[in-house]
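The structure appears right after this line, and notes come after that.
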Amino acid sequence: MLLFFFAIPVLFIFYYSLGYKPDIFHTIATDNLSLGRYSESFSETFRSVFTGTLQISLIGTTLCLLIGFPFAYWLAVRVPPKWRGVLLGLTIVPFWTNFLVRTLGWLILLQPNGPLSGSMQAIGLISNPLQVLDTRSAVQLGVVYNYLPLMIFPLFVALDRLDPALREASKDLGANRWRTFRQVTLPLAMPGVVAGLLLVFIPLTGDYITASVLGGAKGNMVGALVASQFNTAQNWALGSAMAVILIFMILGSVAIFGGLGLIARTLIRRARRVELVPEPA
Amino acid sequence: MAEELEGVQILASRAAAQRITRRHFLAGSAVAMFSSSVLLAACGGGTETGGDTGPGATAGGKIEDQLNFFHWAEYDDPEVFKDFEKQFGTTTKIDIYASNEEAIAKLVAAQGTSGYDIVVPTGVFIPQMVQNNLLEELNLDLIPNFENIEEIYRDQPWDPGNKHSVCKDWGSTGWLIDRSKVKSEIKTWGDFGDVAMGEASGATSVLDTPGDLAAIYFWANGINWATTEEKYLDQAEDYVVNKLASHIKAYDSYPGIALTEGKYALSQAWNGDARQGLLQTKEPDRYEWGLGAPVTELWMDNWCIVTGAQHPNAAHAWINYILDPKVSLKDLAYHGYNTGIAGVQEEAKAAGFKFLDLVFFSDEQVKTMDPGAVNEAQQRLVDIWNKAKAASGA
C-alpha cells in the first residue's frame with residue numbers, strides 16, 4: 001500500500017525532474033535525461049521565496065506549539081475525563097469542512113469592511129478599517145488556525161498517557177510546579193512535542209493555499225512556485241525538479257533543527273547529571 | 001424580462017488564463033478532483049468505443065442524448081443548459097478547468113479519448129490545438145445560427161474561415177479605480193504603472209496571469225505583447241520585477257468585488273469582472289472604469305468540438321442553440337460579456353442592463369485591442385511573473 005500511494009508517485013517526480021519540456025504543447029519528455037532542470041531551479045527567485053516560506057513556517061510552528069501545549073495540557077490534566085472526549089471532538093470540528101472553505105472564512109472575517117473590522121471600529125479599538133488582509137500577519141494567523149489541531153492531538157496523547165502519580169511524586173519530593181513541569185512533564189511529553197512539530201512544520205512549509213488566500217502578494221510561498229510550473233508554465237520537468245529540491249530542503253531543515261534539539265538535550269542532561277558518589281570502600 | 005434578467009447579477013468568470021474567483025476556486029477545486037477521475041474513466045471507455053462514431057465533420061443526424069462539456073466554471077446561465085436539455089432531450093454534463101494550459105494538457109494526455117465533446121479555449125490557443133489535432137472541424141451547415149454572429153467576430157486570425165471554432169464571447173482588459181482613494185488621472189498603461197507606484201502604492205492589484213503582468217509594460221511602450229525578443233522581455237522584467245512589484249498588494253484575477261469592498265484602490269481588471277464589482281456596490285459613482293490604452297488585450301473564448309467527440313450532433317446542436325439571439329441575450333445577462341451576436345447590444349439596452357459601456361466597446365476602442373499570441377516566450381513570462389511575486393512578497 002505504502003509503495004503504491006507513496007513511493008511510486010515520488011519516484012515519478014524524481015524521474016520527471018530529469019526530463020525536459022519539449023515544446024509549448026507537451027508538458028514533459030524523458031527521452032534525454034539530464035540534471036539541467038536542477039540548475040534552473042536553483043535560482044535567486046527560488047532561494048528568496050524559500051527563505052520567506054521558512055520564516056513563515058518556523059514562526060507558525062512555534063506559535064502552534066506555544067498555543068497548543070497549554071491547551072493540550074489543560075485538556076489532558078485539568079478537564080474532567082468525561083468532558084475530554086467532547087472538547088477534543090470540538091477541536092476537530094474545523095476539519096469537518098474543507099481546508100479552503102475554512103481559510104475563505106477568515107478572508108470574509110478579516111475584510112476591511114468585514115464583521116471583525118466593523119466591531120473593532122465600533123468599540124473604538126481602531127479608527128480606520130482593519131488592513132490585515134494581504135499581510136504576513138494574516139498569513140501567520142491563517143496557518144496557526146489551520147495547523148493548530150495537528151499540534152494539539154499528539155501533545156494531548158502524550159500528556160494524557162502521563163501518569164498523574166509522577167507529578168505527585170515530584171511534588172512530594174519537594175519540586176515546585178515549574179520544576180515539575182520542566183523536569184517531569186516536559187521531558188515525558190517530548191515525543192508528542194516532536195511529533196507535533198513535524199506534523200505542523202512539514203505540511204505548513206509545502207502549503208501555499210492559506211498564504212495565497214490571506215496574504216495576497218505577501219503570501220508568496222515556495223509551494224506556489226512549484227504549482228506555477230505545473231499549472232501555468234506546464235513545465236512538469238522544472239516543477240518536478242523544484243519539488244524534489246523542496247523535499248530535500250524540508251528534510252534538511254528538519255535534520256538541522258532535530259540536530260540542534262539533540263545537542264540541546266545532551267547539554268541539558270550533562271548539566272543536570274547526578275553524580276552518584278561512590279560508596280567509600 | 002428585464003427585471004427577471006437583472007435579478008441575475010452573478011456574472012461569470014471568463015478566462016484567458018488562470019482565472020478563478022474565490023467562489024469559482026471552490027467549485028473548481030472540488031470539481032477538479034472529480035474531473036480527473038472522470039477523465040480516467042473516460043479514457044478507459046473511449047478506447048473501447050473509439051472507432052464507432054464518426055468525427056464531427058461528418059456529423060448530421062440524430063442528436064445524441066448526452067453532451068459532455070470541458071468548460072470554465074460558471075460561464076453560462078444554468079437555465080440555458082436546462083432549456084437545451086428540455087428542447088433536445090439531451091443530458092449535459094460539465095467538467096471544469098481553470099486555465100487554457102490545464103485544459104490542453106488534459107486533452108493532449110487523453111489523445112482523443114477524453115470523452116468530452118465541447119471545449120471553450122481562448123482564441124490564441126487554437127492554432128496549436130489544431131496543429132496537435134485536439135479539435136474537430138466544425139460543420140457550419142449544422143450551425144445555421146452562425147449567420148447571427150456579426151461579421152467582425154467571424155474569421156479571426158487564429159482560425160480563418162471558422163473551421164474549428166465559433167465565438168462564444170469576448171472581452172478586454174483595463175483598470176478599475178476607487179476615486180475616494182486615487183485622484184490622479186489614468187489614461188494609459190504608463191499612467192497605471194505610475195499611479196500604482198505612487199498614489200496607489202501598496203493598494204494595487206494586478207491580474208494573476210503571466211501574460212497580463214508583463215503586458216502592462218509592453219502595452220505602455222508600444223511593444224507587441226506577443227514578442228519573443230529577448231531584449232523586450234528583459235526590459236519588461238526590469239520594469240515589472242524591479243520597479244512595479246514592490247508596490248503590488250495582490251495578484252488577483254477577480255479584483256472587481258474586492259475593490260468595491262475596500263481591499264484595493266486600483267486594480268488591473270477584465271471588463272466583466274470590473275462590471276461585477278460595479279453591479280454589487282451601493283455607490284458605483286465612487287469607482288471609475290478605464291479601458292486599457294494606447295493598446296490593450298482582446299481575448300475571445302470560442303466553442304470548439306473536441307477530437308474524438310462521441311456526441312458530435314448534440315455538440316453542433318448546442319453551438320447552434322447558444323447562437324440564437326434570445327438564448328444569447330439570456331446567457332449575456334449571466335456572464336456579462338459581449339457574445340458578438342448581431343443586435344444583442346440593442347436588446348441588452350432595451351432590457352435595461354446596467355453598465356453596458358463595460359460590455360460593449362466602440363469600433364475605435366476595438367481597434368486598439370490586440371489578441372497577442374501564445375508562443376515560446378511563455379516560460380520566460382512565467383519566470384518574470386514568479387520573480388515579481390517573490391519581489392512583492394519580500
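By order of appearance in the C-alpha cells: chains A, B, ..., then residues from 1 within every chain, and ligands from 1 in the order shown.
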Spatial neighbours of Gly192 of chain A, 7 Å, only C-alpha atoms, chain gap at least 5 places, as a PyMOL selection string: chain A and resi 154-155+158
Using only N, CA, C and O atoms, please write the residues we just selected to a file, as an mmCIF file, in the first residue's frame.
data_model
loop_
_atom_site.group_PDB
_atom_site.id
_atom_site.type_symbol
_atom_site.label_atom_id
_atom_site.label_comp_id
_atom_site.auth_asym_id
_atom_site.auth_seq_id
_atom_site.Cartn_x
_atom_site.Cartn_y
_atom_site.Cartn_z
ATOM 1 N N PRO A 154 -1.168 15.167 18.960
ATOM 2 C CA PRO A 154 -0.059 14.373 19.519
ATOM 3 C C PRO A 154 0.319 14.826 20.927
ATOM 4 O O PRO A 154 0.679 13.999 21.768
ATOM 5 N N LEU A 155 0.206 16.136 21.199
ATOM 6 C CA LEU A 155 0.518 16.626 22.536
ATOM 7 C C LEU A 155 -0.464 16.063 23.554
ATOM 8 O O LEU A 155 -0.083 15.629 24.639
ATOM 9 N N ALA A 158 0.311 12.427 24.263
ATOM 10 C CA ALA A 158 1.499 12.268 25.105
ATOM 11 C C ALA A 158 1.197 12.644 26.562
ATOM 12 O O ALA A 158 1.599 11.951 27.493
#
Using only C-alpha atoms, which protein or nucleic acid residues come within 9 Å of Leu251 of chain A? Drop anything in the same chain fewer than 5 positions from it, and give the result as a VMD selection string. chain A and resid 202 246 256
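Neighbours of segment 65-76 of chain A closer than or equal to 7 Å, with only C-alpha atoms counted and sequence neighbours fewer than 5 positions away skipped, come out as A:Arg84, A:Leu148, A:Met151, A:Ile152, A:Leu155, A:Phe156, A:Leu159, A:Asp160.
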All residues 6 Å or closer to segment 102-118 of chain A, only C-alpha atoms, same chain fewer than 4 positions away omitted, as a ChimeraX atom specification: /A:129-131
Based on the selection just made, write all heavy atoms of those residues as a short mmCIF file (atom, residue, chain, number, x, y, z; two decimals), in the first residue's frame.
data_model
loop_
_atom_site.label_atom_id
_atom_site.label_comp_id
_atom_site.auth_asym_id
_atom_site.auth_seq_id
_atom_site.Cartn_x
_atom_site.Cartn_y
_atom_site.Cartn_z
N PRO A 129 -10.62 51.27 8.89
CA PRO A 129 -10.91 49.87 8.59
C PRO A 129 -9.66 48.99 8.75
O PRO A 129 -8.54 49.41 8.44
CB PRO A 129 -11.37 49.92 7.13
CG PRO A 129 -11.91 51.29 6.95
CD PRO A 129 -11.11 52.17 7.85
N LEU A 130 -9.88 47.81 9.25
CA LEU A 130 -8.81 46.86 9.50
C LEU A 130 -8.07 46.51 8.21
O LEU A 130 -8.69 46.09 7.24
CB LEU A 130 -9.43 45.60 10.11
CG LEU A 130 -8.50 44.53 10.65
CD1 LEU A 130 -7.74 45.04 11.85
CD2 LEU A 130 -9.32 43.31 11.05
N GLN A 131 -6.76 46.72 8.18
CA GLN A 131 -6.00 46.39 6.98
C GLN A 131 -5.02 45.26 7.28
O GLN A 131 -3.82 45.43 7.27
CB GLN A 131 -5.24 47.62 6.46
CG GLN A 131 -6.11 48.74 5.94
CD GLN A 131 -6.86 48.38 4.66
OE1 GLN A 131 -6.58 47.36 4.04
NE2 GLN A 131 -7.82 49.21 4.26
#
With only C-alpha atoms as the counted atoms, please give the residues lying no more than 10 Å from Phe125 of chain B, apart from itself and same-chain residues fewer than 3 positions off, as JSON, numbers by chain. {"A": [25], "B": [16, 100, 101, 104, 121, 122, 128, 129, 130, 158, 301, 373, 374, 375]}
Could you produce a table of the residues of chain A lying within 6 Å of chain B, with the nearest pair of atoms per residue and their separation in Å rounded to one decimal, using only C-alpha atoms, ordered by chain and increasing residue number, as CSV?
residue,atom,partner,partner_atom,distance
A:Thr45,CA,B:Lys387,CA,5.6
A:Val49,CA,B:Ala390,CA,5.7
A:Gly216,CA,B:Ala250,CA,4.3
A:Ala217,CA,B:Ala250,CA,4.3
A:Lys218,CA,B:Gly393,CA,4.0
A:Asn220,CA,B:Gly393,CA,5.7
A:Ala233,CA,B:Gln379,CA,5.7
Quick one: everything within 12 Å of Phe218 of chain B, counting only C-alpha atoms, minus sequence neighbours fewer than 3 positions away in the same chain. Send it as a PyMOL selection string. chain B and resi 188-190+193+211-215+221-229+231-237+239-240+292-297+370+372
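The two atoms in question, atom CA of Glu64 of chain B and atom CA of Asp159 of chain B, are spaced 27.1 Å apart.
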Apply DSSP to the backbone of this structure and, from segment 5-92 of chain A, keep only the residues in helix (DSSP H, G or I); write these as an NGL selection string. :A and (5-17 or 36-41 or 44-78 or 81-91)
Nearby residues (only C-alpha atoms) at most 6 Å from segment 349-365 of chain B, same-chain spacing under 2 positions excluded, as an MDAnalysis selection string: chainID B and resid 2 271 337:338 346:347 367:368
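Each of B:Gln345, B:Asn68, B:Ser114, B:Asn139 was compared to Asn162 of chain B using only C-alpha atoms, and B:Asn139 turns out to be the nearest.
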